[in-house]
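Shown next: work-v3.pdb, given as PDB, C-alpha atoms.
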ATOM      1  CA  MET A   1      -7.027   1.316 -22.282
ATOM      2  CA  THR A   2      -9.608  -0.154 -19.927
ATOM      3  CA  LYS A   3      -8.920  -0.817 -16.274
ATOM      4  CA  ARG A   4     -10.667  -3.403 -14.144
ATOM      5  CA  LEU A   5     -10.972  -2.712 -10.425
ATOM      6  CA  ILE A   6     -12.200  -5.176  -7.822
ATOM      7  CA  PHE A   7     -13.540  -4.107  -4.416
ATOM      8  CA  PRO A   8     -14.501  -6.785  -1.876
ATOM      9  CA  PHE A   9     -17.889  -6.109  -0.261
ATOM     10  CA  LEU A  10     -17.522  -4.365   3.092
ATOM     11  CA  LYS A  11     -18.777  -6.477   5.981
ATOM     12  CA  ILE A  12     -21.098  -4.477   8.198
ATOM     13  CA  PRO A  13     -22.507  -5.973  11.388
ATOM     14  CA  LYS A  14     -26.113  -5.266  12.226
ATOM     15  CA  ILE A  15     -27.609  -5.860  15.638
ATOM     16  CA  ARG A  16     -31.149  -7.130  15.994
ATOM     17  CA  VAL A  17     -32.189  -7.427  19.647
ATOM     18  CA  ASN A  18     -29.943 -10.302  20.755
ATOM     19  CA  THR A  19     -28.579 -11.406  17.414
ATOM     20  CA  ILE A  20     -25.814 -10.035  15.232
ATOM     21  CA  ARG A  21     -26.009 -10.447  11.490
ATOM     22  CA  GLU A  22     -23.432  -9.596   8.908
ATOM     23  CA  TYR A  23     -24.366  -7.581   5.850
ATOM     24  CA  GLN A  24     -22.129  -7.264   2.833
ATOM     25  CA  LYS A  25     -22.260  -3.836   1.237
ATOM     26  CA  PRO A  26     -20.950  -2.879  -2.209
ATOM     27  CA  LEU A  27     -18.695  -0.050  -1.117
ATOM     28  CA  VAL A  28     -15.894   1.101  -3.397
ATOM     29  CA  ASP A  29     -12.947   3.377  -2.703
ATOM     30  CA  VAL A  30     -12.627   6.779  -4.352
ATOM     31  CA  PHE A  31     -10.153   9.610  -4.005
ATOM     32  CA  LEU A  32     -11.692  13.066  -3.903
ATOM     33  CA  SER A  33     -10.104  16.413  -4.658
ATOM     34  CA  TYR A  34     -11.096  19.976  -5.418
ATOM     35  CA  LYS A  35      -8.679  22.341  -7.106
ATOM     36  CA  HIS A  36      -5.442  21.907  -5.133
ATOM     37  CA  LYS A  37      -6.921  20.249  -2.050
ATOM     38  CA  PHE A  38      -7.407  16.519  -1.665
ATOM     39  CA  ILE A  39      -8.235  13.943   0.995
ATOM     40  CA  PRO A  40      -5.135  11.757   1.393
ATOM     41  CA  PHE A  41      -7.152   8.618   2.138
ATOM     42  CA  SER A  42      -9.738   6.961  -0.055
ATOM     43  CA  ILE A  43     -13.371   7.367   0.891
ATOM     44  CA  SER A  44     -15.549   4.257   0.855
ATOM     45  CA  ALA A  45     -18.865   4.958  -0.795
ATOM     46  CA  ILE A  46     -21.749   2.735  -1.744
ATOM     47  CA  MET A  47     -22.583   2.113  -5.398
ATOM     48  CA  ASP A  48     -26.274   2.966  -5.705
ATOM     49  CA  SER A  49     -27.794   2.889  -9.181
ATOM     50  CA  ALA A  50     -31.102   4.097  -7.744
ATOM     51  CA  SER A  51     -29.600   7.447  -6.806
ATOM     52  CA  ASP A  52     -29.548  10.189  -9.452
ATOM     53  CA  PHE A  53     -26.732  11.970  -7.628
ATOM     54  CA  ASN A  54     -23.412  11.410  -5.949
ATOM     55  CA  ILE A  55     -24.110  12.418  -2.359
ATOM     56  CA  PHE A  56     -21.431  13.139   0.216
ATOM     57  CA  ASP A  57     -21.435  14.508   3.730
ATOM     58  CA  MET A  58     -20.920  18.282   3.974
ATOM     59  CA  GLU A  59     -17.854  17.606   6.151
ATOM     60  CA  ILE A  60     -16.108  16.317   3.028
ATOM     61  CA  ALA A  61     -16.755  19.648   1.276
ATOM     62  CA  GLN A  62     -15.214  21.407   4.261
ATOM     63  CA  VAL A  63     -12.098  19.210   4.189
ATOM     64  CA  LEU A  64     -11.769  19.899   0.452
ATOM     65  CA  GLY A  65     -11.966  23.631   1.140
ATOM     66  CA  ILE A  66     -15.073  24.135  -0.976
ATOM     67  CA  LYS A  67     -16.587  27.496  -0.130
ATOM     68  CA  GLN A  68     -20.281  27.619   0.655
ATOM     69  CA  ASN A  69     -20.950  30.366  -1.891
ATOM     70  CA  ILE A  70     -20.000  28.248  -4.891
ATOM     71  CA  LEU A  71     -22.354  25.440  -3.868
ATOM     72  CA  LYS A  72     -25.661  25.444  -5.706
ATOM     73  CA  PRO A  73     -28.608  24.417  -3.520
ATOM     74  CA  ILE A  74     -30.988  21.927  -5.085
ATOM     75  CA  LYS A  75     -33.917  20.038  -3.622
ATOM     76  CA  ILE A  76     -34.080  16.291  -4.073
ATOM     77  CA  LYS A  77     -36.644  13.749  -3.041
ATOM     78  CA  GLY A  78     -35.748  10.410  -1.503
ATOM     79  CA  VAL A  79     -37.424   7.593   0.329
ATOM     80  CA  GLY A  80     -40.667   8.440   2.066
ATOM     81  CA  ASN A  81     -41.203  11.359  -0.352
ATOM     82  CA  LYS A  82     -39.034  13.456   1.930
ATOM     83  CA  ILE A  83     -37.486  16.504   0.260
ATOM     84  CA  ILE A  84     -34.009  17.522   1.340
ATOM     85  CA  THR A  85     -31.712  20.318   0.214
ATOM     86  CA  VAL A  86     -28.279  19.328  -1.020
ATOM     87  CA  TYR A  87     -25.509  21.553  -2.336
ATOM     88  CA  GLN A  88     -24.038  20.772  -5.723
ATOM     89  CA  THR A  89     -20.715  21.482  -7.395
ATOM     90  CA  LYS A  90     -18.104  19.694  -9.465
ATOM     91  CA  ILE A  91     -15.220  17.907  -7.825
ATOM     92  CA  ARG A  92     -12.533  15.570  -9.095
ATOM     93  CA  MET A  93     -12.930  11.894  -8.335
ATOM     94  CA  ALA A  94     -10.513   9.070  -9.069
ATOM     95  CA  PHE A  95     -10.399   5.382  -8.448
ATOM     96  CA  ASN A  96      -7.086   3.919  -7.363
ATOM     97  CA  GLY A  97      -4.615   3.999 -10.241
ATOM     98  CA  THR A  98      -6.967   5.658 -12.686
ATOM     99  CA  GLN A  99      -7.254   9.132 -14.153
ATOM    100  CA  GLY A 100      -9.552  11.487 -12.320
ATOM    101  CA  HIS A 101     -12.932  12.610 -13.595
ATOM    102  CA  ASP A 102     -14.624  15.952 -13.044
ATOM    103  CA  ILE A 103     -17.916  14.847 -11.661
ATOM    104  CA  SER A 104     -21.041  16.374 -10.155
ATOM    105  CA  ALA A 105     -21.239  15.949  -6.388
ATOM    106  CA  CYS A 106     -23.936  16.929  -3.923
ATOM    107  CA  PHE A 107     -23.131  17.664  -0.308
ATOM    108  CA  CYS A 108     -25.674  17.153   2.420
ATOM    109  CA  ASN A 109     -25.721  18.462   5.975
ATOM    110  CA  ASN A 110     -26.042  15.857   8.714
ATOM    111  CA  HIS A 111     -25.783  13.019   6.244
ATOM    112  CA  THR A 112     -26.502   9.866   8.228
ATOM    113  CA  ALA A 113     -26.078   7.274   5.503
ATOM    114  CA  TYR A 114     -23.087   5.979   3.575
ATOM    115  CA  GLN A 115     -21.513   8.254   1.019
ATOM    116  CA  ILE A 116     -23.430   7.509  -2.184
ATOM    117  CA  LEU A 117     -22.094   7.053  -5.696
ATOM    118  CA  GLY A 118     -25.099   7.392  -7.963
ATOM    119  CA  LEU A 119     -25.673   7.562 -11.687
ATOM    120  CA  PRO A 120     -22.941  10.150 -12.468
ATOM    121  CA  THR A 121     -20.428   7.551 -11.257
ATOM    122  CA  PHE A 122     -22.089   4.691 -13.129
ATOM    123  CA  ASN A 123     -21.885   6.830 -16.274
ATOM    124  CA  ILE A 124     -18.079   7.016 -16.171
ATOM    125  CA  CYS A 125     -17.824   3.225 -15.915
ATOM    126  CA  GLN A 126     -18.006   0.922 -18.898
ATOM    127  CA  GLN A 127     -19.287  -1.871 -16.722
ATOM    128  CA  VAL A 128     -20.376  -2.317 -13.093
ATOM    129  CA  ILE A 129     -20.771  -5.858 -11.791
ATOM    130  CA  PHE A 130     -22.142  -6.778  -8.389
ATOM    131  CA  ASP A 131     -20.639 -10.240  -8.036
ATOM    132  CA  ILE A 132     -22.801 -11.656  -5.252
ATOM    133  CA  THR A 133     -21.216 -15.120  -5.398
ATOM    134  CA  ASN A 134     -17.712 -13.831  -4.779
ATOM    135  CA  LYS A 135     -18.900 -10.867  -2.713
ATOM    136  CA  GLN A 136     -17.178  -8.167  -4.679
ATOM    137  CA  THR A 137     -17.918  -5.163  -6.865
ATOM    138  CA  ILE A 138     -16.127  -5.054 -10.206
ATOM    139  CA  LEU A 139     -15.742  -1.778 -12.077
ATOM    140  CA  GLN A 140     -14.459  -1.567 -15.604
ATOM    141  CA  LEU A 141     -13.320   1.912 -16.562
TER     142      LEU A 141
ATOM    143  CA  MET B   1     -26.500   7.674  18.915
ATOM    144  CA  VAL B   2     -26.235   3.911  18.917
ATOM    145  CA  ASN B   3     -22.806   2.421  19.280
ATOM    146  CA  TYR B   4     -22.122  -1.195  18.622
ATOM    147  CA  ARG B   5     -19.084  -3.369  18.878
ATOM    148  CA  MET B   6     -18.371  -6.801  17.510
ATOM    149  CA  THR B   7     -17.165  -9.681  19.623
ATOM    150  CA  ASN B   8     -17.429 -12.332  16.944
ATOM    151  CA  ASN B   9     -13.993 -12.782  15.386
ATOM    152  CA  LYS B  10     -15.513 -13.484  12.009
ATOM    153  CA  LEU B  11     -16.856  -9.966  11.845
ATOM    154  CA  ARG B  12     -13.843  -7.730  11.749
ATOM    155  CA  PHE B  13     -15.537  -4.465  11.066
ATOM    156  CA  ILE B  14     -16.353  -2.572  14.230
ATOM    157  CA  GLY B  15     -18.893   0.105  13.515
ATOM    158  CA  TYR B  16     -19.788   3.179  15.482
ATOM    159  CA  ALA B  17     -23.127   4.589  14.458
ATOM    160  CA  ASN B  18     -22.987   7.959  12.749
ATOM    161  CA  LYS B  19     -19.243   8.111  13.162
ATOM    162  CA  TRP B  20     -16.452   8.323  10.682
ATOM    163  CA  VAL B  21     -14.262   5.253  10.770
ATOM    164  CA  ALA B  22     -10.942   4.474   9.152
ATOM    165  CA  PHE B  23     -10.308   0.831   8.390
ATOM    166  CA  ARG B  24      -7.564  -1.262   6.881
ATOM    167  CA  LYS B  25      -8.644  -2.428   3.434
ATOM    168  CA  GLN B  26      -6.867  -5.770   3.807
ATOM    169  CA  ASP B  27      -8.814  -7.126   6.780
ATOM    170  CA  GLN B  28     -11.496  -4.429   7.172
ATOM    171  CA  TYR B  29     -10.394  -3.807  10.735
ATOM    172  CA  VAL B  30     -11.147  -0.382  12.159
ATOM    173  CA  VAL B  31      -8.017   1.520  13.177
ATOM    174  CA  ALA B  32      -9.605   4.795  14.290
ATOM    175  CA  SER B  33     -12.951   6.508  14.583
ATOM    176  CA  SER B  34     -14.273   9.975  15.251
ATOM    177  CA  THR B  35     -17.463  11.975  14.991
ATOM    178  CA  ASN B  36     -15.571  14.442  12.799
ATOM    179  CA  ILE B  37     -13.691  13.603   9.595
ATOM    180  CA  LYS B  38     -11.047  16.284  10.178
ATOM    181  CA  THR B  39     -10.170  14.796  13.560
ATOM    182  CA  LEU B  40     -10.112  11.328  12.055
ATOM    183  CA  ILE B  41      -7.665  12.359   9.315
ATOM    184  CA  ALA B  42      -5.477  13.990  11.969
ATOM    185  CA  LYS B  43      -5.389  10.679  13.861
ATOM    186  CA  LEU B  44      -4.195   8.873  10.744
ATOM    187  CA  GLN B  45      -1.027  10.861  10.123
ATOM    188  CA  LYS B  46       1.251   7.865  10.644
ATOM    189  CA  GLU B  47      -0.842   5.444   8.605
ATOM    190  CA  ASP B  48      -0.084   4.334   5.066
ATOM    191  CA  THR B  49      -2.510   6.190   2.830
ATOM    192  CA  ARG B  50      -2.691   3.221   0.440
ATOM    193  CA  GLN B  51      -3.871   0.803   3.123
ATOM    194  CA  ILE B  52      -6.580   2.849   4.806
ATOM    195  CA  SER B  53     -10.040   3.818   3.685
ATOM    196  CA  ILE B  54     -12.569   6.081   5.384
ATOM    197  CA  THR B  55     -16.309   5.713   5.616
ATOM    198  CA  LYS B  56     -19.143   7.003   7.752
ATOM    199  CA  VAL B  57     -21.096   4.295   9.500
ATOM    200  CA  PRO B  58     -24.771   5.168   9.748
ATOM    201  CA  SER B  59     -26.930   4.323  12.713
ATOM    202  CA  ASP B  60     -27.666   0.620  12.462
ATOM    203  CA  LYS B  61     -31.140   1.296  13.765
ATOM    204  CA  TYR B  62     -32.078   3.850  11.139
ATOM    205  CA  SER B  63     -29.734   3.096   8.258
ATOM    206  CA  TYR B  64     -31.132   3.779   4.809
ATOM    207  CA  SER B  65     -30.081   4.681   1.325
ATOM    208  CA  LEU B  66     -31.627   7.083  -1.146
TER     209      LEU B  66
END
As structure tokens:
Amino acid sequence: MTKRLIFPFLKIPKIRVNTIREYQKPLVDVFLSYKHKFIPFSISAIMDSASDFNIFDMEIAQVLGIKQNILKPIKIKGVGNKIITVYQTKIRMAFNGTQGHDISACFCNNHTAYQILGLPTFNICQQVIFDITNKQTILQL
Amino acid sequence: MVNYRMTNNKLRFIGYANKWVAFRKQDQYVVASSTNIKTLIAKLQKEDTRQISITKVPSDKYSYSL
């Protein structure tokens, strides 16, 4: 049975010298767990089809009790041809009211961007719609 | 670290650059923030887990995505 989830775009203010503009970002809420540990609140992460990986801050791995020695270091290249090392493992991820999926996740030290849901997340969805008119992200699982 | 705060009522989300923030999903209003996610979760003990979501707000000056 398919499930349709709707996430309103998150409004993010951005300051430019003396002006404030509002940006609408396609962030969706996911619940993360690893073995018997879980984060009790959903984590908002941006849907980014240009990213080959799900990328989370290393602090999330620490909260989930993931030990450093089971994380596999891999090097990835992003904007500006900059290579960074991230640490990969499998975690369980669920959208609200849906069954969880074991999914590849990379953890990055000093991550200064939004948590990123890349292609592994797109691949568990039947459909992803960025509804710009109504400012919402629609996931069909 | 660049901090910024909204005064315009239309913009409910108050972001703190490179900080973890917890916001109410209904009106996107920030209820707590911290530089550390563990501390943030500790601050949220009395909150309804269904109503709150957590994100990390990047520096507005240098925000990017991969």
Quick one: which residues from chain B are at most 6 Å off chain A, using only C-alpha atoms, as an mmCIF file with C-alpha atoms, in the frame of the given file?
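Below is the file that was written, selection_32.cif:
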data_model
loop_
_atom_site.group_PDB
_atom_site.id
_atom_site.type_symbol
_atom_site.label_atom_id
_atom_site.label_comp_id
_atom_site.auth_asym_id
_atom_site.auth_seq_id
_atom_site.Cartn_x
_atom_site.Cartn_y
_atom_site.Cartn_z
ATOM 1 C CA THR B 49 -2.510 6.190 2.830
ATOM 2 C CA SER B 53 -10.040 3.818 3.685
ATOM 3 C CA ILE B 54 -12.569 6.081 5.384
ATOM 4 C CA THR B 55 -16.309 5.713 5.616
ATOM 5 C CA LYS B 56 -19.143 7.003 7.752
ATOM 6 C CA PRO B 58 -24.771 5.168 9.748
ATOM 7 C CA LEU B 66 -31.627 7.083 -1.146
#
- Kindly resolve the PyMOL selection byres ((chain A and resi 91) around 10) on the present coordinates and return the residues as a PyMOL selection string. chain A and resi 32-35+61+64+66+88-90+92-93+100-106
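Separating atom CA of Ile138 of chain A from atom CA of Gln26 of chain B is a distance of 16.8 Å.
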- Query: Using all atoms listed in the file, which of the listed residues (A:Phe107, A:Leu117, A:Asp131, A:Thr98) sits closest to Lys3 of chain A?
  - Reply: A:Thr98
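The space separating atom CA of Tyr29 of chain B from atom CA of Gly97 of chain A comes to 23.1 Å.
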Return as AutoDock Vina command-line options the box centre and box size in Å, one decimal, for an axis-aligned box around all listed atoms of segment 92-107 of chain A padded by 5 Å per side.
--center_x -14.3 --center_y 10.8 --center_z -7.2 --size_x 29.3 --size_y 23.7 --size_z 23.8
- atom CA of Gln68 of chain A to atom CA of Thr85 of chain A, distance in Å rounded to a single decimal: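 So the two atoms, atom CA of Gln68 of chain A and atom CA of Thr85 of chain A, lie 13.6 Å apart.
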- Task: Would you kindly return, as a PyMOL selection string, each protein, DNA or RNA residue with an atom no farther than 12 Å from any atom of Lys43 of chain B, considering all atoms listed in the file and excluding same-chain residues fewer than 3 positions away?
- Result: chain B and resi 20-22+31-34+36-40+46-47
